[in-house]
file data.cif (mmCIF, C-alpha atoms)
data_work
loop_
_atom_site.group_PDB
_atom_site.id
_atom_site.type_symbol
_atom_site.label_atom_id
_atom_site.label_comp_id
_atom_site.auth_asym_id
_atom_site.auth_seq_id
_atom_site.Cartn_x
_atom_site.Cartn_y
_atom_site.Cartn_z
ATOM 1 C CA MET D 1 142.517 71.810 76.956
ATOM 2 C CA ALA D 2 141.048 70.614 73.660
ATOM 3 C CA ASP D 3 137.690 71.951 72.624
ATOM 4 C CA PHE D 4 134.812 69.554 73.103
ATOM 5 C CA PRO D 5 132.771 68.749 69.989
ATOM 6 C CA GLU D 6 129.611 70.178 71.542
ATOM 7 C CA GLU D 7 131.128 73.583 72.331
ATOM 8 C CA PRO D 8 129.489 75.345 69.325
ATOM 9 C CA ILE D 9 126.106 74.241 70.663
ATOM 10 C CA TYR D 10 126.647 76.009 73.960
ATOM 11 C CA GLU D 11 128.057 79.032 72.177
ATOM 12 C CA GLN D 12 124.748 79.366 70.336
ATOM 13 C CA LEU D 13 122.726 78.858 73.513
ATOM 14 C CA ALA D 14 124.829 81.553 75.137
ATOM 15 C CA ARG D 15 123.718 84.037 72.453
ATOM 16 C CA VAL D 16 120.231 84.060 73.932
ATOM 17 C CA ALA D 17 121.551 84.199 77.494
ATOM 18 C CA LYS D 18 123.824 87.116 76.555
ATOM 19 C CA ALA D 19 120.932 88.997 74.943
ATOM 20 C CA LEU D 20 118.939 88.624 78.161
ATOM 21 C CA ALA D 21 121.846 89.524 80.458
ATOM 22 C CA SER D 22 120.926 93.199 80.613
ATOM 23 C CA PRO D 23 118.335 94.933 82.813
ATOM 24 C CA VAL D 24 117.665 97.425 80.011
ATOM 25 C CA ARG D 25 117.010 94.750 77.404
ATOM 26 C CA LEU D 26 114.729 92.828 79.756
ATOM 27 C CA ARG D 27 112.801 96.030 80.398
ATOM 28 C CA LEU D 28 112.462 96.685 76.651
ATOM 29 C CA LEU D 29 111.192 93.151 76.080
ATOM 30 C CA ASP D 30 108.547 93.526 78.792
ATOM 31 C CA VAL D 31 107.335 96.770 77.214
ATOM 32 C CA LEU D 32 107.287 95.276 73.708
ATOM 33 C CA ASP D 33 105.367 92.307 75.062
ATOM 34 C CA GLN D 34 102.427 94.647 75.677
ATOM 35 C CA ARG D 35 102.239 95.894 72.073
ATOM 36 C CA GLU D 36 104.452 96.839 69.151
ATOM 37 C CA ARG D 37 106.018 100.303 69.220
ATOM 38 C CA THR D 38 108.331 102.576 67.303
ATOM 39 C CA VAL D 39 111.794 103.157 68.747
ATOM 40 C CA GLU D 40 110.664 106.542 70.017
ATOM 41 C CA GLU D 41 107.537 105.114 71.681
ATOM 42 C CA LEU D 42 109.547 102.273 73.181
ATOM 43 C CA ALA D 43 112.201 104.594 74.581
ATOM 44 C CA GLN D 44 109.564 106.793 76.198
ATOM 45 C CA ALA D 45 107.554 103.888 77.633
ATOM 46 C CA ALA D 46 110.645 102.150 79.011
ATOM 47 C CA GLY D 47 112.310 105.315 80.287
ATOM 48 C CA VAL D 48 115.472 104.593 78.284
ATOM 49 C CA ALA D 49 117.464 107.055 76.193
ATOM 50 C CA LEU D 50 116.608 106.866 72.485
ATOM 51 C CA LYS D 51 120.153 106.110 71.318
ATOM 52 C CA ASN D 52 120.544 103.368 73.923
ATOM 53 C CA THR D 53 117.161 101.888 72.969
ATOM 54 C CA SER D 54 118.240 101.594 69.329
ATOM 55 C CA ALA D 55 121.504 99.918 70.295
ATOM 56 C CA GLN D 56 119.803 97.429 72.600
ATOM 57 C CA LEU D 57 117.208 96.561 69.958
ATOM 58 C CA GLN D 58 119.960 95.543 67.570
ATOM 59 C CA GLN D 59 121.269 93.032 70.094
ATOM 60 C CA LEU D 60 117.777 91.666 70.653
ATOM 61 C CA ARG D 61 117.278 91.335 66.907
ATOM 62 C CA ALA D 62 120.574 89.498 66.550
ATOM 63 C CA ALA D 63 119.276 86.877 68.992
ATOM 64 C CA HIS D 64 115.934 86.732 67.105
ATOM 65 C CA LEU D 65 113.981 87.881 70.151
ATOM 66 C CA VAL D 66 112.410 90.886 68.408
ATOM 67 C CA THR D 67 111.432 91.664 64.847
ATOM 68 C CA SER D 68 110.262 94.766 63.015
ATOM 69 C CA ARG D 69 108.046 96.003 60.206
ATOM 70 C CA LYS D 70 107.942 99.228 58.217
ATOM 71 C CA ASP D 71 104.869 101.396 57.846
ATOM 72 C CA GLY D 72 105.832 104.295 55.612
ATOM 73 C CA PRO D 73 108.727 106.127 57.255
ATOM 74 C CA ARG D 74 108.138 104.454 60.612
ATOM 75 C CA VAL D 75 109.625 101.197 61.872
ATOM 76 C CA TYR D 76 107.648 99.223 64.449
ATOM 77 C CA TYR D 77 109.262 96.678 66.759
ATOM 78 C CA ARG D 78 107.577 93.729 68.434
ATOM 79 C CA LEU D 79 108.492 90.412 70.023
ATOM 80 C CA ALA D 80 109.507 87.815 67.461
ATOM 81 C CA ASP D 81 106.620 85.514 68.438
ATOM 82 C CA GLU D 82 104.476 84.370 71.341
ATOM 83 C CA ARG D 83 107.142 81.910 72.521
ATOM 84 C CA VAL D 84 109.319 84.859 73.537
ATOM 85 C CA SER D 85 106.505 86.141 75.744
ATOM 86 C CA ARG D 86 106.011 82.754 77.375
ATOM 87 C CA PHE D 87 109.751 82.413 77.927
ATOM 88 C CA LEU D 88 109.914 85.834 79.599
ATOM 89 C CA GLY D 89 107.051 84.859 81.879
ATOM 90 C CA GLU D 90 108.777 81.609 82.824
ATOM 91 C CA LEU D 91 112.065 83.426 83.412
ATOM 92 C CA GLU D 92 110.458 86.011 85.685
ATOM 93 C CA GLY D 93 108.536 83.351 87.602
ATOM 94 C CA PHE D 94 111.632 81.164 87.993
ATOM 95 C CA ALA D 95 113.733 84.097 89.190
ATOM 96 C CA HIS D 96 110.999 85.159 91.628
ATOM 97 C CA ASP D 97 110.968 81.681 93.170
ATOM 98 C CA ARG D 98 114.760 81.468 93.406
ATOM 99 C CA LEU D 99 115.858 84.960 94.416
ATOM 100 C CA ALA D 100 114.826 86.489 97.727
ATOM 101 C CA ASP D 101 116.464 89.734 96.600
ATOM 102 C CA LEU D 102 114.061 89.888 93.654
ATOM 103 C CA ARG D 103 111.065 89.288 95.891
ATOM 104 C CA ASP D 104 112.279 92.051 98.203
ATOM 105 C CA ALA D 105 112.799 94.417 95.252
ATOM 106 C CA VAL D 106 109.280 93.720 93.927
ATOM 107 C CA ARG D 107 107.768 94.279 97.362
ATOM 108 C CA ASP D 108 109.718 97.536 97.764
ATOM 109 C CA ARG D 109 108.545 98.707 94.346
ATOM 110 C CA LEU D 110 104.907 97.625 94.445
ATOM 111 C CA GLY D 111 104.126 97.478 98.144
ATOM 112 C CA ALA D 112 102.330 94.654 99.914
ATOM 113 C CA LEU D 113 98.876 94.945 98.350
ATOM 114 C CA GLU D 114 96.987 91.677 98.059
ATOM 115 C CA GLY D 115 96.152 91.109 94.417
ATOM 116 C CA VAL D 116 93.632 89.177 92.362
ATOM 117 C CA THR D 117 94.994 86.296 90.301
ATOM 118 C CA ALA D 118 94.222 85.895 86.605
ATOM 119 C CA ASP D 119 92.228 82.729 87.352
ATOM 120 C CA GLU D 120 90.202 84.514 90.028
ATOM 121 C CA LEU D 121 89.436 87.449 87.755
ATOM 122 C CA ALA D 122 88.465 85.139 84.889
ATOM 123 C CA ASP D 123 85.859 83.556 87.169
ATOM 124 C CA ARG D 124 84.521 86.983 88.135
ATOM 125 C CA LEU D 125 84.245 88.597 84.680
ATOM 126 C CA SER D 126 80.543 87.771 84.431
ATOM 127 C CA ASP D 127 79.865 89.129 87.929
ATOM 128 C CA PRO D 128 78.048 92.494 87.601
ATOM 129 C CA GLY D 129 79.482 93.492 90.957
ATOM 130 C CA THR D 130 83.045 93.409 89.598
ATOM 131 C CA LEU D 131 84.465 96.410 87.728
ATOM 132 C CA VAL D 132 87.759 95.969 85.878
ATOM 133 C CA LEU D 133 89.755 99.150 85.311
ATOM 134 C CA ASP D 134 92.530 99.359 82.731
ATOM 135 C CA VAL D 135 94.701 102.230 83.955
ATOM 136 C CA ARG D 136 97.186 102.054 81.078
ATOM 137 C CA PRO D 137 97.344 104.703 78.342
ATOM 138 C CA ALA D 138 94.456 104.563 75.867
ATOM 139 C CA ALA D 139 96.672 103.271 73.033
ATOM 140 C CA ASP D 140 97.660 100.228 75.101
ATOM 141 C CA TYR D 141 94.006 99.564 75.917
ATOM 142 C CA ALA D 142 93.078 99.765 72.231
ATOM 143 C CA ALA D 143 95.735 97.185 71.326
ATOM 144 C CA GLY D 144 94.187 94.618 73.663
ATOM 145 C CA HIS D 145 92.600 94.429 77.106
ATOM 146 C CA VAL D 146 90.765 92.219 79.582
ATOM 147 C CA PRO D 147 87.226 91.613 78.276
ATOM 148 C CA GLY D 148 84.808 94.155 79.673
ATOM 149 C CA ALA D 149 87.541 96.328 81.182
ATOM 150 C CA VAL D 150 86.903 100.060 81.287
ATOM 151 C CA SER D 151 89.708 102.343 80.124
ATOM 152 C CA VAL D 152 90.556 104.880 82.822
ATOM 153 C CA PRO D 153 94.168 106.018 82.246
ATOM 154 C CA MET D 154 95.912 106.822 85.498
ATOM 155 C CA ALA D 155 96.223 110.486 84.502
ATOM 156 C CA GLU D 156 92.409 110.697 84.401
ATOM 157 C CA LEU D 157 91.560 108.564 87.422
ATOM 158 C CA ARG D 158 91.066 111.278 90.029
ATOM 159 C CA GLU D 159 88.771 113.375 87.835
ATOM 160 C CA ARG D 160 86.686 110.297 86.947
ATOM 161 C CA LEU D 161 86.281 108.895 90.453
ATOM 162 C CA ALA D 162 82.764 110.285 90.818
ATOM 163 C CA GLY D 163 81.618 108.201 87.839
ATOM 164 C CA LEU D 164 82.668 104.884 89.370
ATOM 165 C CA PRO D 165 80.043 102.793 91.189
ATOM 166 C CA ARG D 166 80.528 102.867 94.938
ATOM 167 C CA ASP D 167 79.309 99.305 95.483
ATOM 168 C CA ALA D 168 81.609 97.647 92.914
ATOM 169 C CA ALA D 169 84.581 95.430 93.691
ATOM 170 C CA ILE D 170 87.225 97.074 91.519
ATOM 171 C CA VAL D 171 90.177 95.223 89.971
ATOM 172 C CA ALA D 172 92.768 97.559 88.430
ATOM 173 C CA TYR D 173 95.618 96.560 86.166
ATOM 174 C CA CYS D 174 98.453 98.159 84.250
ATOM 175 C CA GLY D 175 101.127 96.775 81.937
ATOM 176 C CA GLY D 176 103.137 94.045 83.598
ATOM 177 C CA PRO D 177 104.232 92.355 86.812
ATOM 178 C CA TYR D 178 106.537 95.216 87.848
ATOM 179 C CA CYS D 179 104.313 98.134 86.826
ATOM 180 C CA VAL D 180 103.692 100.599 89.660
ATOM 181 C CA VAL D 181 100.644 102.269 88.111
ATOM 182 C CA SER D 182 97.911 99.846 89.180
ATOM 183 C CA PRO D 183 99.112 99.697 92.811
ATOM 184 C CA GLU D 184 99.049 103.502 92.805
ATOM 185 C CA ALA D 185 95.543 103.447 91.330
ATOM 186 C CA VAL D 186 94.383 101.025 94.016
ATOM 187 C CA ARG D 187 95.742 103.278 96.752
ATOM 188 C CA VAL D 188 93.944 106.284 95.261
ATOM 189 C CA LEU D 189 90.700 104.315 94.994
ATOM 190 C CA ARG D 190 90.950 103.017 98.559
ATOM 191 C CA ALA D 191 91.705 106.504 99.877
ATOM 192 C CA HIS D 192 88.358 107.592 98.405
ATOM 193 C CA GLY D 193 86.441 104.702 99.933
ATOM 194 C CA TYR D 194 86.400 102.220 97.052
ATOM 195 C CA ASP D 195 86.938 98.466 97.384
ATOM 196 C CA ALA D 196 89.904 97.940 95.054
ATOM 197 C CA ARG D 197 92.665 95.395 94.414
ATOM 198 C CA PRO D 198 95.337 95.089 91.710
ATOM 199 C CA LEU D 199 95.534 92.274 89.167
ATOM 200 C CA ASP D 200 98.564 90.092 89.855
ATOM 201 C CA GLY D 201 100.979 90.295 86.926
ATOM 202 C CA GLY D 202 99.027 93.050 85.213
ATOM 203 C CA PHE D 203 98.037 92.751 81.570
ATOM 204 C CA LEU D 204 101.048 90.580 80.742
ATOM 205 C CA GLY D 205 100.192 88.145 83.526
ATOM 206 C CA TRP D 206 96.660 87.899 82.149
ATOM 207 C CA ARG D 207 97.818 87.318 78.584
ATOM 208 C CA ARG D 208 100.610 84.916 79.527
ATOM 209 C CA ALA D 209 98.018 82.870 81.410
ATOM 210 C CA GLU D 210 96.264 82.553 78.022
ATOM 211 C CA LYS D 211 93.143 84.341 79.190
ATOM 212 C CA PRO D 212 90.764 85.895 76.615
ATOM 213 C CA LEU D 213 91.491 89.328 75.150
ATOM 214 C CA GLU D 214 89.270 91.998 73.711
ATOM 215 C CA ARG D 215 90.256 94.625 71.133
#

call {"tool": "encode", "arguments": {"input": "data.cif", "output": "structure tokens"}}
result
Amino acid sequence: MADFPEEPIYEQLARVAKALASPVRLRLLDVLDQRERTVEELAQAAGVALKNTSAQLQQLRAAHLVTSRKDGPRVYYRLADERVSRFLGELEGFAHDRLADLRDAVRDRLGALEGVTADELADRLSDPGTLVLDVRPAADYAAGHVPGAVSVPMAELRERLAGLPRDAAIVAYCGGPYCVVSPEAVRVLRAHGYDARPLDGGFLGWRRAEKPLER
């Protein structure tokens, strides 16, 4: 069969689809969407071997989904631009609507906790009875967080419970829509008598909804 004239167009479109057709690369993109990182930091945060992380980054760079900058001997990677973040959010939302297996996998991973939407939290930020906890590592918090959120990394949560107000409605969040840390934090808080719920979509859901950020 003769090639159609438009075939090169679809070949180029397929470059992006091919770059995204890997669970590891999708995971790396979600982690980079939170903040820029060195290869070593990215590998640790994503739970991917260092050599594999480097190889996958090259494929993402070839599709212009990530870029990098040098700072002395270190090379930092980040998403190429904000459109990549929005595209990832649309992809994850589309897949969630279409694939029952994905919904089941998310429920198995995160549990069935009822969350707070980004719109709901935005309306409650000025409410003194609402306490927002950022349970990510301190470096992630410093790079950007929900306005007014208090940094309580998950590793410190139990020892800092006594300092949290008992009468507050607590909203906890971690990195992204599939992060298990904030659901774990909510369970710990509830086990100690606190009123707590997770933020749907985590920090990425908040940012992708174009809500305000604080640094």

call {"tool": "resolve_selection", "arguments": {"input": "data.cif", "expression": "the PyMOL selection byres ((chain D and resi 42-48) around 10)", "output": "list in words"}}
result
Val24, Arg25, Arg27, Leu28, Leu29, Asp30, Val31, Leu32, Arg35, Glu36, Arg37, Thr38, Val39, Glu40, Glu41, Ala49, Leu50, Lys51, Asn52, Thr53, Ser54, Tyr76, Tyr77 and Arg78 of chain D

call {"tool": "closest_residue", "arguments": {"input": "data.cif", "among": "D:His145, D:His192, D:His64, D:Arg69", "to": "Leu213 of chain D", "atoms": "only C-alpha atoms"}}
result
D:His145

call {"tool": "residues_near_point", "arguments": {"input": "data.cif", "point": "(102.0, 97.2, 97.7)", "cutoff": "12 Å", "atoms": "all atoms listed in the file", "output": "number ranges by chain"}}
result
D: 104-115, 178-187, 197-200

call {"tool": "resolve_selection", "arguments": {"input": "data.cif", "expression": "the PyMOL selection byres ((chain D and resi 204) around 12)", "output": "VMD selection string"}}
result
chain D and resid 29 to 35 82 85 to 86 88 to 89 92 118 140 144 to 146 173 to 179 199 to 203 205 to 211 213

call {"tool": "residues_around", "arguments": {"input": "data.cif", "residues": "Ala169 of chain D", "least_positions_apart": "3", "cutoff": "8 Å", "atoms": "only C-alpha atoms", "output": "ChimeraX atom specification"}}
result
/D:129-131,194-196

call {"tool": "write_last_selection", "arguments": {"input": "data.cif", "atoms": "C-alpha atoms", "output": "PDB file, in the frame of the given file"}}
result
ATOM      1  CA  GLY D 129      79.482  93.492  90.957  1.00  0.00           C
ATOM      2  CA  THR D 130      83.045  93.409  89.598  1.00  0.00           C
ATOM      3  CA  LEU D 131      84.465  96.410  87.728  1.00  0.00           C
ATOM      4  CA  TYR D 194      86.400 102.220  97.052  1.00  0.00           C
ATOM      5  CA  ASP D 195      86.938  98.466  97.384  1.00  0.00           C
ATOM      6  CA  ALA D 196      89.904  97.940  95.054  1.00  0.00           C
TER       7      ALA D 196
END

call {"tool": "atom_distance", "arguments": {"input": "data.cif", "atom1": "atom CA of Leu102 of chain D", "atom2": "atom CA of Pro23 of chain D"}}
result
12.7 Å
